[in-house]
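Below is the file my_file01.csv, which contains CSV, C-alpha atoms.
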```csv
chain,number,residue,atom,x,y,z
A,1,MET,CA,-85.4,-12.4,40.2
A,2,TYR,CA,-84.0,-15.2,42.4
A,3,SER,CA,-84.6,-18.6,40.8
A,4,LEU,CA,-86.1,-20.2,37.8
A,5,THR,CA,-87.7,-23.5,36.6
A,6,ILE,CA,-88.7,-24.7,33.2
A,7,LYS,CA,-91.4,-26.9,31.9
A,8,VAL,CA,-91.3,-28.3,28.4
A,9,LYS,CA,-94.4,-30.0,27.0
A,10,ASN,CA,-95.6,-30.6,23.5
A,11,LYS,CA,-92.7,-28.5,22.2
A,12,GLN,CA,-93.8,-25.5,24.3
A,13,ARG,CA,-91.7,-24.1,27.0
A,14,ARG,CA,-92.8,-22.2,30.1
A,15,ILE,CA,-90.3,-20.4,32.2
A,16,PHE,CA,-91.2,-19.6,35.8
A,17,VAL,CA,-89.2,-17.1,37.9
A,18,THR,CA,-89.4,-16.1,41.5
A,19,ILE,CA,-89.2,-12.6,43.0
A,20,PRO,CA,-88.9,-13.0,46.8
A,21,ARG,CA,-90.2,-10.2,48.9
A,22,PHE,CA,-87.0,-9.0,50.4
A,23,GLN,CA,-88.8,-5.8,51.0
A,24,THR,CA,-92.3,-4.4,50.7
A,25,GLY,CA,-93.6,-3.0,47.4
A,26,ILE,CA,-93.1,-6.1,45.3
A,27,PRO,CA,-96.5,-6.8,43.6
A,28,TYR,CA,-96.0,-10.5,42.9
A,29,THR,CA,-93.5,-13.1,43.9
A,30,LEU,CA,-94.0,-15.9,41.2
A,31,ALA,CA,-94.3,-15.3,37.5
A,32,THR,CA,-93.8,-16.7,34.0
A,33,LEU,CA,-92.0,-15.1,31.1
A,34,SER,CA,-94.6,-13.8,28.6
A,35,ASP,CA,-94.2,-13.5,24.9
A,36,GLU,CA,-94.5,-9.7,25.1
A,37,MET,CA,-91.2,-7.9,25.0
A,38,GLY,CA,-90.5,-4.8,27.0
A,39,PRO,CA,-87.6,-2.4,26.8
A,40,ASN,CA,-85.4,-4.7,28.9
A,41,GLY,CA,-86.7,-8.2,27.8
A,42,PRO,CA,-89.8,-10.3,28.2
A,43,TRP,CA,-92.5,-9.0,30.5
A,44,LEU,CA,-93.2,-11.0,33.6
A,45,LYS,CA,-96.8,-12.4,34.1
A,46,PRO,CA,-97.9,-13.1,37.6
A,47,TYR,CA,-98.6,-16.8,38.2
A,48,PRO,CA,-101.3,-18.1,38.4
A,49,SER,CA,-102.8,-14.6,38.5
A,50,TYR,CA,-102.2,-11.2,40.1
A,51,ARG,CA,-105.1,-11.8,42.5
A,52,ALA,CA,-103.3,-14.9,43.9
A,53,HIS,CA,-100.6,-12.8,45.4
A,54,ASN,CA,-100.5,-11.5,49.0
A,55,VAL,CA,-99.3,-8.0,48.1
A,56,ASN,CA,-99.6,-6.5,51.6
A,57,GLY,CA,-99.0,-9.6,53.6
A,58,ASP,CA,-102.5,-9.6,55.1
A,59,ASP,CA,-104.2,-12.5,53.3
A,60,CYS,CA,-102.5,-15.9,54.2
A,61,ASP,CA,-104.6,-17.7,51.6
A,62,GLN,CA,-102.6,-16.0,48.9
A,63,ILE,CA,-98.9,-16.3,48.0
A,64,THR,CA,-96.7,-14.2,50.2
A,65,SER,CA,-93.0,-14.8,49.2
A,66,VAL,CA,-91.4,-17.5,47.1
A,67,PHE,CA,-87.6,-18.2,46.7
A,68,ARG,CA,-87.8,-21.5,44.7
A,69,VAL,CA,-90.2,-23.9,43.2
A,70,ALA,CA,-90.0,-27.5,41.9
A,71,ILE,CA,-91.7,-29.0,38.8
A,72,THR,CA,-92.2,-32.8,38.7
A,73,GLU,CA,-92.8,-35.3,35.9
A,74,CYS,CA,-96.5,-35.2,36.9
A,75,ASN,CA,-96.8,-31.8,35.2
A,76,GLN,CA,-97.2,-30.3,38.7
A,77,MET,CA,-95.4,-27.5,40.4
A,78,TRP,CA,-94.6,-27.4,44.2
A,79,VAL,CA,-94.3,-23.9,45.5
A,80,MET,CA,-92.7,-23.2,48.9
A,81,ASP,CA,-94.2,-20.0,50.2
A,82,SER,CA,-92.0,-18.7,53.1
A,83,GLY,CA,-94.7,-16.4,54.4
A,84,SER,CA,-92.1,-13.6,55.0
A,85,VAL,CA,-91.8,-10.0,53.8
A,86,GLY,CA,-88.4,-8.6,54.5
A,87,VAL,CA,-87.4,-10.0,57.9
A,88,GLU,CA,-90.9,-10.2,59.2
A,89,THR,CA,-93.0,-13.4,59.1
A,90,ARG,CA,-96.5,-12.3,57.9
A,91,CYS,CA,-98.0,-15.8,57.4
A,92,PRO,CA,-97.3,-19.4,58.3
A,93,PRO,CA,-95.1,-21.1,55.7
A,94,GLN,CA,-97.1,-23.2,53.2
A,95,LEU,CA,-96.5,-25.7,50.4
A,96,LEU,CA,-98.7,-25.2,47.4
A,97,LEU,CA,-99.3,-27.7,44.6
A,98,PHE,CA,-100.4,-26.4,41.2
A,99,ASP,CA,-101.6,-28.4,38.2
A,100,LEU,CA,-99.7,-27.0,35.2
A,101,ASN,CA,-102.4,-28.3,32.8
A,102,THR,CA,-105.0,-26.1,34.3
A,103,ASP,CA,-103.0,-23.7,36.5
A,104,GLN,CA,-105.4,-24.6,39.4
A,105,LEU,CA,-104.3,-25.0,43.0
A,106,LEU,CA,-104.6,-28.7,43.8
A,107,HIS,CA,-103.3,-28.8,47.4
A,108,ARG,CA,-102.2,-26.6,50.3
A,109,TYR,CA,-100.2,-27.7,53.3
A,110,ARG,CA,-99.5,-25.2,56.0
A,111,LEU,CA,-96.4,-26.1,58.1
A,112,ASN,CA,-97.1,-26.8,61.8
A,113,THR,CA,-95.0,-24.9,64.4
A,114,THR,CA,-93.6,-28.3,65.5
A,115,VAL,CA,-91.4,-28.3,62.4
A,116,TYR,CA,-90.3,-24.6,62.3
A,117,THR,CA,-89.7,-21.6,64.6
A,118,PRO,CA,-91.9,-18.6,63.8
A,119,SER,CA,-90.1,-15.4,63.1
A,120,ALA,CA,-86.8,-17.4,62.8
A,121,SER,CA,-87.2,-20.1,60.2
A,122,LEU,CA,-86.9,-19.2,56.5
A,123,PHE,CA,-87.8,-21.9,53.9
A,124,VAL,CA,-86.2,-21.4,50.6
A,125,THR,CA,-85.5,-24.6,48.6
A,126,PRO,CA,-88.0,-27.4,47.9
A,127,ILE,CA,-86.8,-30.7,46.3
A,128,VAL,CA,-89.4,-33.2,45.2
A,129,VAL,CA,-89.1,-36.9,44.6
A,130,VAL,CA,-92.1,-38.7,43.0
A,131,LYS,CA,-92.1,-42.4,43.9
A,132,ASP,CA,-95.1,-43.3,41.7
A,133,PRO,CA,-94.6,-41.3,38.5
A,134,PRO,CA,-96.8,-41.5,35.4
A,135,PRO,CA,-97.8,-43.2,33.3
A,136,ARG,CA,-98.5,-46.0,35.8
A,137,GLY,CA,-98.4,-44.0,39.0
A,138,SER,CA,-100.8,-41.4,40.4
A,139,CYS,CA,-98.1,-39.0,41.8
A,140,ARG,CA,-99.5,-39.4,45.3
A,141,ARG,CA,-96.3,-41.0,46.7
A,142,SER,CA,-94.4,-37.7,46.6
A,143,MET,CA,-91.9,-36.6,49.1
A,144,VAL,CA,-90.9,-32.9,49.5
A,145,TYR,CA,-87.7,-31.8,51.2
A,146,VAL,CA,-87.4,-28.1,52.2
A,147,ALA,CA,-84.4,-26.3,53.5
A,148,ASP,CA,-84.7,-23.9,56.5
A,149,VAL,CA,-81.8,-21.6,55.7
A,150,ASN,CA,-82.1,-19.5,58.9
A,151,PHE,CA,-82.8,-22.1,61.5
A,152,HIS,CA,-80.5,-24.7,59.9
A,153,GLY,CA,-82.7,-27.7,59.4
A,154,LEU,CA,-84.8,-29.7,56.9
A,155,VAL,CA,-88.5,-30.3,56.7
A,156,VAL,CA,-89.7,-33.5,55.1
A,157,TYR,CA,-93.3,-33.6,53.8
A,158,ASP,CA,-95.1,-36.8,52.9
A,159,PHE,CA,-97.8,-35.9,50.4
A,160,MET,CA,-99.7,-39.2,50.8
A,161,SER,CA,-99.9,-39.1,54.5
A,162,ASN,CA,-100.2,-35.3,54.6
A,163,SER,CA,-97.7,-35.1,57.4
A,164,SER,CA,-94.3,-33.6,58.0
A,165,TRP,CA,-91.3,-33.9,60.3
A,166,ARG,CA,-88.0,-32.1,60.8
A,167,ALA,CA,-84.5,-33.3,60.4
A,168,GLU,CA,-81.4,-31.5,61.7
A,169,HIS,CA,-77.7,-32.1,61.7
A,170,THR,CA,-74.6,-29.9,62.4
A,171,PHE,CA,-73.8,-30.3,58.7
A,172,MET,CA,-76.7,-27.9,58.0
A,173,TYR,CA,-75.2,-25.1,60.0
A,174,PRO,CA,-73.1,-22.3,58.5
A,175,ASP,CA,-69.3,-22.3,59.0
A,176,PRO,CA,-68.2,-19.0,60.5
A,177,ASP,CA,-65.0,-19.2,58.6
A,178,TYR,CA,-66.9,-18.8,55.4
A,179,GLY,CA,-69.6,-16.2,56.4
A,180,THR,CA,-68.0,-13.4,54.4
A,181,HIS,CA,-68.4,-14.0,50.7
A,182,THR,CA,-66.6,-12.4,47.8
A,183,VAL,CA,-68.0,-12.4,44.3
A,184,ALA,CA,-66.5,-10.4,41.4
A,185,ARG,CA,-64.3,-8.5,43.9
A,186,GLU,CA,-67.3,-7.4,46.1
A,187,SER,CA,-67.7,-8.7,49.6
A,188,PHE,CA,-70.6,-9.1,51.9
A,189,THR,CA,-71.4,-11.1,55.1
A,190,LEU,CA,-74.3,-13.6,55.2
A,191,MET,CA,-74.3,-16.5,57.7
A,192,ASP,CA,-76.8,-18.7,55.8
A,193,GLY,CA,-77.2,-22.3,56.6
A,194,ILE,CA,-78.5,-25.2,54.4
A,195,ILE,CA,-79.6,-23.7,51.0
A,196,GLY,CA,-78.2,-25.8,48.1
A,197,MET,CA,-80.0,-29.1,47.6
A,198,THR,CA,-80.3,-31.7,44.8
A,199,THR,CA,-80.9,-35.4,44.5
A,200,ASN,CA,-80.2,-38.4,42.4
A,201,LYS,CA,-83.3,-40.1,44.0
A,202,ARG,CA,-81.1,-42.1,46.3
A,203,HIS,CA,-79.3,-39.4,48.3
A,204,LEU,CA,-80.0,-35.8,49.1
A,205,PHE,CA,-76.9,-33.7,48.5
A,206,PHE,CA,-76.8,-30.4,50.3
A,207,HIS,CA,-74.6,-27.6,51.5
A,208,SER,CA,-74.8,-24.3,53.4
A,209,MET,CA,-74.1,-21.0,51.8
A,210,ALA,CA,-71.5,-20.2,54.5
A,211,SER,CA,-69.5,-23.4,53.8
A,212,ILE,CA,-67.3,-25.0,51.3
A,213,SER,CA,-68.3,-28.6,52.3
A,214,GLU,CA,-70.7,-30.9,50.6
A,215,TYR,CA,-72.8,-33.4,52.4
A,216,ALA,CA,-75.3,-36.2,51.7
A,217,VAL,CA,-77.9,-38.3,53.5
A,218,PRO,CA,-79.8,-41.3,52.1
A,219,LEU,CA,-83.4,-40.5,51.2
A,220,GLN,CA,-84.6,-43.7,52.9
A,221,VAL,CA,-83.4,-42.2,56.2
A,222,LEU,CA,-85.2,-38.9,55.7
A,223,ASP,CA,-88.4,-40.7,54.5
A,224,ASN,CA,-88.7,-42.7,57.6
A,225,SER,CA,-90.4,-40.5,60.2
A,226,THR,CA,-89.6,-43.0,63.0
A,227,HIS,CA,-86.0,-41.8,62.9
A,228,PHE,CA,-87.2,-38.4,64.2
A,229,VAL,CA,-89.8,-39.3,66.7
A,230,ASN,CA,-87.5,-38.4,69.6
A,231,GLY,CA,-86.1,-35.3,68.0
A,232,ALA,CA,-85.0,-33.7,64.7
A,233,SER,CA,-81.4,-34.9,65.2
A,234,GLY,CA,-82.2,-38.6,64.7
A,235,ALA,CA,-79.9,-41.0,62.7
A,236,PRO,CA,-76.9,-38.7,62.8
A,237,GLU,CA,-74.5,-41.5,61.8
A,238,THR,CA,-76.2,-41.8,58.3
A,239,TYR,CA,-75.1,-38.3,57.2
A,240,ILE,CA,-72.0,-38.3,55.0
A,241,ASP,CA,-69.3,-35.6,54.8
A,242,LEU,CA,-68.3,-35.8,51.1
A,243,GLY,CA,-65.5,-33.3,51.0
A,244,LYS,CA,-64.7,-29.7,50.2
A,245,ARG,CA,-64.5,-27.4,47.1
A,246,SER,CA,-62.5,-24.2,46.7
A,247,SER,CA,-65.3,-21.8,47.5
A,248,GLU,CA,-68.9,-21.4,48.5
A,249,CYS,CA,-71.8,-21.9,46.1
A,250,VAL,CA,-75.6,-21.6,46.3
A,251,ALA,CA,-77.7,-23.3,43.7
A,252,THR,CA,-77.0,-26.9,42.6
A,253,ALA,CA,-78.6,-29.4,40.2
A,254,THR,CA,-78.1,-33.0,39.0
A,255,ASP,CA,-78.4,-34.5,35.5
A,256,SER,CA,-79.5,-38.0,34.5
A,257,ARG,CA,-76.0,-39.3,34.6
A,258,ASP,CA,-75.4,-38.3,38.3
A,259,ASN,CA,-73.4,-35.2,37.6
A,260,VAL,CA,-73.9,-32.5,40.1
A,261,TYR,CA,-73.3,-28.9,39.1
A,262,CYS,CA,-72.7,-25.6,41.0
A,263,VAL,CA,-71.1,-22.2,40.4
A,264,THR,CA,-68.5,-21.2,43.0
A,265,PHE,CA,-68.1,-17.7,44.3
A,266,ASN,CA,-64.4,-17.0,44.3
A,267,PRO,CA,-63.1,-17.9,41.8
A,268,ILE,CA,-66.3,-17.9,39.7
A,269,GLU,CA,-66.3,-21.4,38.2
A,270,LEU,CA,-69.0,-23.7,36.9
A,271,ILE,CA,-68.0,-27.1,38.2
A,272,SER,CA,-69.5,-30.6,37.8
A,273,TRP,CA,-68.9,-33.6,40.0
A,274,ASN,CA,-70.0,-37.2,39.4
A,275,VAL,CA,-71.5,-38.8,42.6
A,276,ASN,CA,-69.6,-42.0,41.9
A,277,THR,CA,-66.3,-40.3,42.4
A,278,ARG,CA,-64.6,-38.7,45.4
A,279,TYR,CA,-65.6,-35.1,46.2
A,280,ASN,CA,-62.3,-33.3,45.7
A,281,ASN,CA,-60.5,-31.0,43.3
A,282,LYS,CA,-59.1,-33.8,41.2
A,283,SER,CA,-62.6,-35.1,40.5
A,284,PHE,CA,-64.2,-31.8,39.5
A,285,LYS,CA,-64.7,-30.9,35.9
A,286,ARG,CA,-64.4,-27.2,35.2
A,287,ILE,CA,-66.5,-25.9,32.4
A,288,PRO,CA,-65.2,-22.8,30.6
A,289,ILE,CA,-67.5,-19.8,31.1
A,290,ASN,CA,-67.5,-16.0,30.9
A,291,GLN,CA,-67.3,-15.0,34.5
A,292,GLN,CA,-69.1,-11.8,33.9
A,293,LEU,CA,-72.2,-13.7,32.9
A,294,ILE,CA,-72.6,-15.7,36.1
A,295,GLU,CA,-71.5,-13.5,38.9
A,296,PHE,CA,-74.0,-15.0,41.4
A,297,VAL,CA,-76.1,-18.0,40.3
A,298,SER,CA,-79.0,-18.3,42.7
A,299,GLY,CA,-81.1,-20.7,40.6
A,300,MET,CA,-80.2,-23.8,38.6
A,301,LYS,CA,-82.2,-26.5,36.9
A,302,VAL,CA,-81.5,-29.4,34.5
A,303,VAL,CA,-84.1,-29.6,31.8
A,304,THR,CA,-84.7,-32.0,28.9
A,305,ASN,CA,-85.5,-30.0,25.7
A,306,ASN,CA,-87.7,-30.9,22.7
A,307,GLN,CA,-84.8,-32.9,21.1
A,308,GLY,CA,-84.4,-35.1,24.2
A,309,LYS,CA,-81.2,-33.4,25.2
A,310,GLU,CA,-80.4,-32.2,28.7
A,311,GLU,CA,-79.7,-28.5,29.3
A,312,LEU,CA,-78.4,-26.7,32.3
A,313,TRP,CA,-80.4,-23.5,33.0
A,314,MET,CA,-79.0,-20.9,35.4
A,315,ILE,CA,-80.2,-17.5,36.6
A,316,SER,CA,-77.5,-14.9,37.5
A,317,ASN,CA,-78.7,-11.9,39.5
A,318,ARG,CA,-75.6,-10.2,40.9
A,319,PHE,CA,-76.9,-10.6,44.5
A,320,GLN,CA,-73.5,-9.6,45.9
A,321,ARG,CA,-74.3,-6.0,44.8
A,322,VAL,CA,-77.7,-6.1,46.4
A,323,ALA,CA,-76.1,-7.3,49.7
A,324,ALA,CA,-73.3,-4.8,49.5
A,325,GLY,CA,-75.6,-1.9,48.5
A,326,THR,CA,-73.8,-1.3,45.3
A,327,GLN,CA,-76.4,-2.4,42.7
A,328,ASN,CA,-76.7,0.0,39.7
A,329,THR,CA,-80.1,-0.4,38.2
A,330,SER,CA,-78.9,1.1,34.9
A,331,GLU,CA,-76.7,-1.9,34.4
A,332,LEU,CA,-77.6,-5.4,33.3
A,333,ASN,CA,-78.1,-7.3,36.5
A,334,PHE,CA,-80.2,-10.4,35.6
A,335,ARG,CA,-79.4,-13.1,33.1
A,336,ILE,CA,-80.8,-16.5,32.2
A,337,LEU,CA,-78.3,-18.8,30.6
A,338,ILE,CA,-78.4,-22.2,29.0
A,339,TYR,CA,-75.7,-24.8,28.7
A,340,THR,CA,-76.1,-27.9,26.6
A,341,LEU,CA,-74.9,-30.8,28.8
A,342,GLY,CA,-74.3,-33.2,25.9
A,343,ASN,CA,-71.4,-30.9,24.9
A,344,VAL,CA,-70.0,-31.0,28.3
A,345,ARG,CA,-69.9,-34.8,28.4
A,346,SER,CA,-68.3,-35.0,24.9
A,347,GLY,CA,-65.6,-32.4,25.8
A,348,SER,CA,-67.0,-29.5,23.7
A,349,ASN,CA,-67.4,-26.6,26.1
A,350,ASP,CA,-68.0,-23.6,23.9
A,351,ASP,CA,-71.8,-23.2,23.7
A,352,LEU,CA,-72.7,-21.3,26.9
A,353,THR,CA,-75.3,-19.0,25.4
A,354,ASN,CA,-77.0,-15.9,26.9
A,355,ARG,CA,-80.4,-16.6,25.5
A,356,LEU,CA,-82.4,-14.2,27.7
A,357,VAL,CA,-81.2,-10.9,29.1
A,358,PHE,CA,-82.9,-8.8,31.7
A,359,THR,CA,-82.2,-5.5,33.4
A,360,HIS,CA,-83.5,-4.4,36.8
```
Structure encoded using structure tokens:
Amino acid sequence: MYSLTIKVKNKQRRIFVTIPRFQTGIPYTLATLSDEMGPNGPWLKPYPSYRAHNVNGDDCDQITSVFRVAITECNQMWVMDSGSVGVETRCPPQLLLFDLNTDQLLHRYRLNTTVYTPSASLFVTPIVVVKDPPPRGSCRRSMVYVADVNFHGLVVYDFMSNSSWRAEHTFMYPDPDYGTHTVARESFTLMDGIIGMTTNKRHLFFHSMASISEYAVPLQVLDNSTHFVNGASGAPETYIDLGKRSSECVATATDSRDNVYCVTFNPIELISWNVNTRYNNKSFKRIPINQQLIEFVSGMKVVTNNQGKEELWMISNRFQRVAAGTQNTSELNFRILIYTLGNVRSGSNDDLTNRLVFTH
């Protein structure tokens, strides 16, 4: 499992997880946690159904491979289907929009080759901003921002106009000085570009996996397609180099108070940074954690629970062992963890709980 997202409605919680097709033989790539328990934890249930998944990569109207999804306040879920199995592109990348009330597909948008490079691009992270949310809005004015981790760029999709454009900047490239990663004393090399993205609905904050730098760009710049009429590298002066942290990280998320969270690789630390402060070591808040529980956090979401409190959800999957070829399937490799953010703000940091445990 690679990432997760959670929907809480009417005191019921649905947890979605992704299983990207890094190789053949994976029967489905998007699932929910069921109420049925297996020997290693809850069974996974294909979403929206088993038949909706492109098992052999030969039906591009089905779902081929998903790294991450995004759920909005409209009770809708945007799914970024990379179209890839292993290193091979089987289908054009596509954005899928599901109605979580009915689990029906509402909309499909296949990316045009003007915004990506076939057999080179890999789309992994969608971030969605709804400009006309309920109850007054219709959710049509939605913008989707998708990271191209392999070809180092960003695709912006305007739902209302059903159009997309590409943005690029050198900040989205990997830094060769940080292409070798060490997590829990195991090292592997992966020169991934832009992957971690989050927003406070004013700026898009982002970083590459092979980097220790954090960057930002105003959403109003990305949302204006005229900036990119003459090429993807438009408006370069609007991008902001925020600063550096001690180590690389992948997943990131923002709470309602403009705190941005991520888990660094080496040392393994859960840090938070408020966007109204400088991005440096003095501004980071380090949240006490058990390092063995979060060796590689590939997915992270901020969720409001039934009591109206925000929680930080994380999925840890020990990806460093997959990359290094040292994964032991008899060990516990997958965990979903929950942290109550109200306790972080008040200074109480002792409630990191391992609520759900999985083995491979």
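Here the question is which of A:His181, A:His203, A:Arg108, A:Lys7 gets nearest to Leu219 of chain A using all atoms listed in the file, and that residue is A:His203.
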- Work out how far atom CA of Leu337 of chain A is from atom CA of Val303 of chain A, in Å to one decimal. 12.3 Å
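The space separating atom CA of Gln320 of chain A from atom CA of Ile294 of chain A comes to 11.6 Å.
Between atom CA of Ala52 of chain A and atom CA of Phe159 of chain A the separation is 22.7 Å.
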- Task: Please identify all polymer residues within 10 Å of Ser161 of chain A, counting all atoms listed in the file, omitting same-chain residues fewer than 3 positions from it, and present them as a PyMOL selection string.
- Result: chain A and resi 140-143+157-158+164
Within-12 Å shell of (-88.3, -23.0, 63.4) in input frame, all atoms listed in the file, as an mmCIF file with C-alpha atoms, in the coordinates of the input:
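Okay, this is what ended up in point01.cif:
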```
data_model
loop_
_atom_site.group_PDB
_atom_site.id
_atom_site.type_symbol
_atom_site.label_atom_id
_atom_site.label_comp_id
_atom_site.auth_asym_id
_atom_site.auth_seq_id
_atom_site.Cartn_x
_atom_site.Cartn_y
_atom_site.Cartn_z
ATOM 1 C CA SER A 82 -92.000 -18.700 53.100
ATOM 2 C CA THR A 89 -93.000 -13.400 59.100
ATOM 3 C CA PRO A 92 -97.300 -19.400 58.300
ATOM 4 C CA PRO A 93 -95.100 -21.100 55.700
ATOM 5 C CA LEU A 111 -96.400 -26.100 58.100
ATOM 6 C CA ASN A 112 -97.100 -26.800 61.800
ATOM 7 C CA THR A 113 -95.000 -24.900 64.400
ATOM 8 C CA THR A 114 -93.600 -28.300 65.500
ATOM 9 C CA VAL A 115 -91.400 -28.300 62.400
ATOM 10 C CA TYR A 116 -90.300 -24.600 62.300
ATOM 11 C CA THR A 117 -89.700 -21.600 64.600
ATOM 12 C CA PRO A 118 -91.900 -18.600 63.800
ATOM 13 C CA SER A 119 -90.100 -15.400 63.100
ATOM 14 C CA ALA A 120 -86.800 -17.400 62.800
ATOM 15 C CA SER A 121 -87.200 -20.100 60.200
ATOM 16 C CA LEU A 122 -86.900 -19.200 56.500
ATOM 17 C CA PHE A 123 -87.800 -21.900 53.900
ATOM 18 C CA ALA A 147 -84.400 -26.300 53.500
ATOM 19 C CA ASP A 148 -84.700 -23.900 56.500
ATOM 20 C CA VAL A 149 -81.800 -21.600 55.700
ATOM 21 C CA ASN A 150 -82.100 -19.500 58.900
ATOM 22 C CA PHE A 151 -82.800 -22.100 61.500
ATOM 23 C CA HIS A 152 -80.500 -24.700 59.900
ATOM 24 C CA GLY A 153 -82.700 -27.700 59.400
ATOM 25 C CA LEU A 154 -84.800 -29.700 56.900
ATOM 26 C CA VAL A 155 -88.500 -30.300 56.700
ATOM 27 C CA TRP A 165 -91.300 -33.900 60.300
ATOM 28 C CA ARG A 166 -88.000 -32.100 60.800
ATOM 29 C CA ALA A 167 -84.500 -33.300 60.400
ATOM 30 C CA GLU A 168 -81.400 -31.500 61.700
ATOM 31 C CA ALA A 232 -85.000 -33.700 64.700
#
```
- Query: Which residues come within 9 Å of Ala235 of chain A, counting all atoms listed in the file, excluding same-chain residues fewer than 5 positions away, as JSON, numbers by chain?
  - Reply: {"A": [221, 227, 228]}
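Near segment 244-253 of chain A, within 6 Å and counting only C-alpha atoms, sit Gly196, Thr198, Met209, Ser211, Ile212, Ser213, Val260, Tyr261, Cys262, Val263, Thr264, Phe265, Asn266, Ser298, Gly299, Met300 and Lys301 of chain A; same-chain residues fewer than 6 positions away were not included.
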- Query: Near segment 311-317 of chain A, counting all atoms listed in the file, which residues have an atom at most 8 Å away, once you skip same-chain residues fewer than 2 positions from it, shown as a PyMOL selection string?
  - Reply: chain A and resi 1-4+293-305+309+319+333-342
- Message: At a cut-off of 12 Å, using all atoms listed in the file, what residues contact Leu33 of chain A? Leave out same-chain residues fewer than 2 positions from it and give the result as a ChimeraX atom specification.
- Response: /A:1,4-7,13-18,30-31,35-38,41-47,336,356-358
Quick one: write out the picked residues with C-alpha atoms as a CSV table (one decimal), in the coordinates of the input?
```csv
chain,number,residue,atom,x,y,z
A,1,MET,CA,-85.4,-12.4,40.2
A,4,LEU,CA,-86.1,-20.2,37.8
A,5,THR,CA,-87.7,-23.5,36.6
A,6,ILE,CA,-88.7,-24.7,33.2
A,7,LYS,CA,-91.4,-26.9,31.9
A,13,ARG,CA,-91.7,-24.1,27.0
A,14,ARG,CA,-92.8,-22.2,30.1
A,15,ILE,CA,-90.3,-20.4,32.2
A,16,PHE,CA,-91.2,-19.6,35.8
A,17,VAL,CA,-89.2,-17.1,37.9
A,18,THR,CA,-89.4,-16.1,41.5
A,30,LEU,CA,-94.0,-15.9,41.2
A,31,ALA,CA,-94.3,-15.3,37.5
A,35,ASP,CA,-94.2,-13.5,24.9
A,36,GLU,CA,-94.5,-9.7,25.1
A,37,MET,CA,-91.2,-7.9,25.0
A,38,GLY,CA,-90.5,-4.8,27.0
A,41,GLY,CA,-86.7,-8.2,27.8
A,42,PRO,CA,-89.8,-10.3,28.2
A,43,TRP,CA,-92.5,-9.0,30.5
A,44,LEU,CA,-93.2,-11.0,33.6
A,45,LYS,CA,-96.8,-12.4,34.1
A,46,PRO,CA,-97.9,-13.1,37.6
A,47,TYR,CA,-98.6,-16.8,38.2
A,336,ILE,CA,-80.8,-16.5,32.2
A,356,LEU,CA,-82.4,-14.2,27.7
A,357,VAL,CA,-81.2,-10.9,29.1
A,358,PHE,CA,-82.9,-8.8,31.7
```
- Query: For the point (-78.2, -12.8, 57.7) in file coordinates, what residues are within 10 Å, counting only C-alpha atoms? Give the answer as a PyMOL selection string?
  - Reply: chain A and resi 87+149-150+179+189-193+323
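Of the residues listed (A:Phe22, A:Phe284, A:Phe188, A:Phe171), A:Phe171 shows the shortest atom-to-atom separation from Tyr239 of chain A; distances use only C-alpha atoms.
When only C-alpha atoms are used to measure the gap to Ile268 of chain A, the shortest distance among A:Thr254, A:Thr326, A:Asn230, A:Thr182 belongs to A:Thr182.
Proximity to Pro27 of chain A was assessed for A:Gln12, A:Ser283, A:Ser49, A:Ser330 counting all atoms listed in the file; the smallest distance is recorded for A:Ser49.
Each of A:Ile287, A:Ile240, A:Cys91, A:Val129 was compared to His169 of chain A using only C-alpha atoms, and A:Ile240 turns out to be the nearest.
Closest approach to Val146 of chain A among A:Phe98, A:Tyr173, A:Phe206, A:Tyr178 is made by A:Phe206 (distances from all atoms listed in the file).
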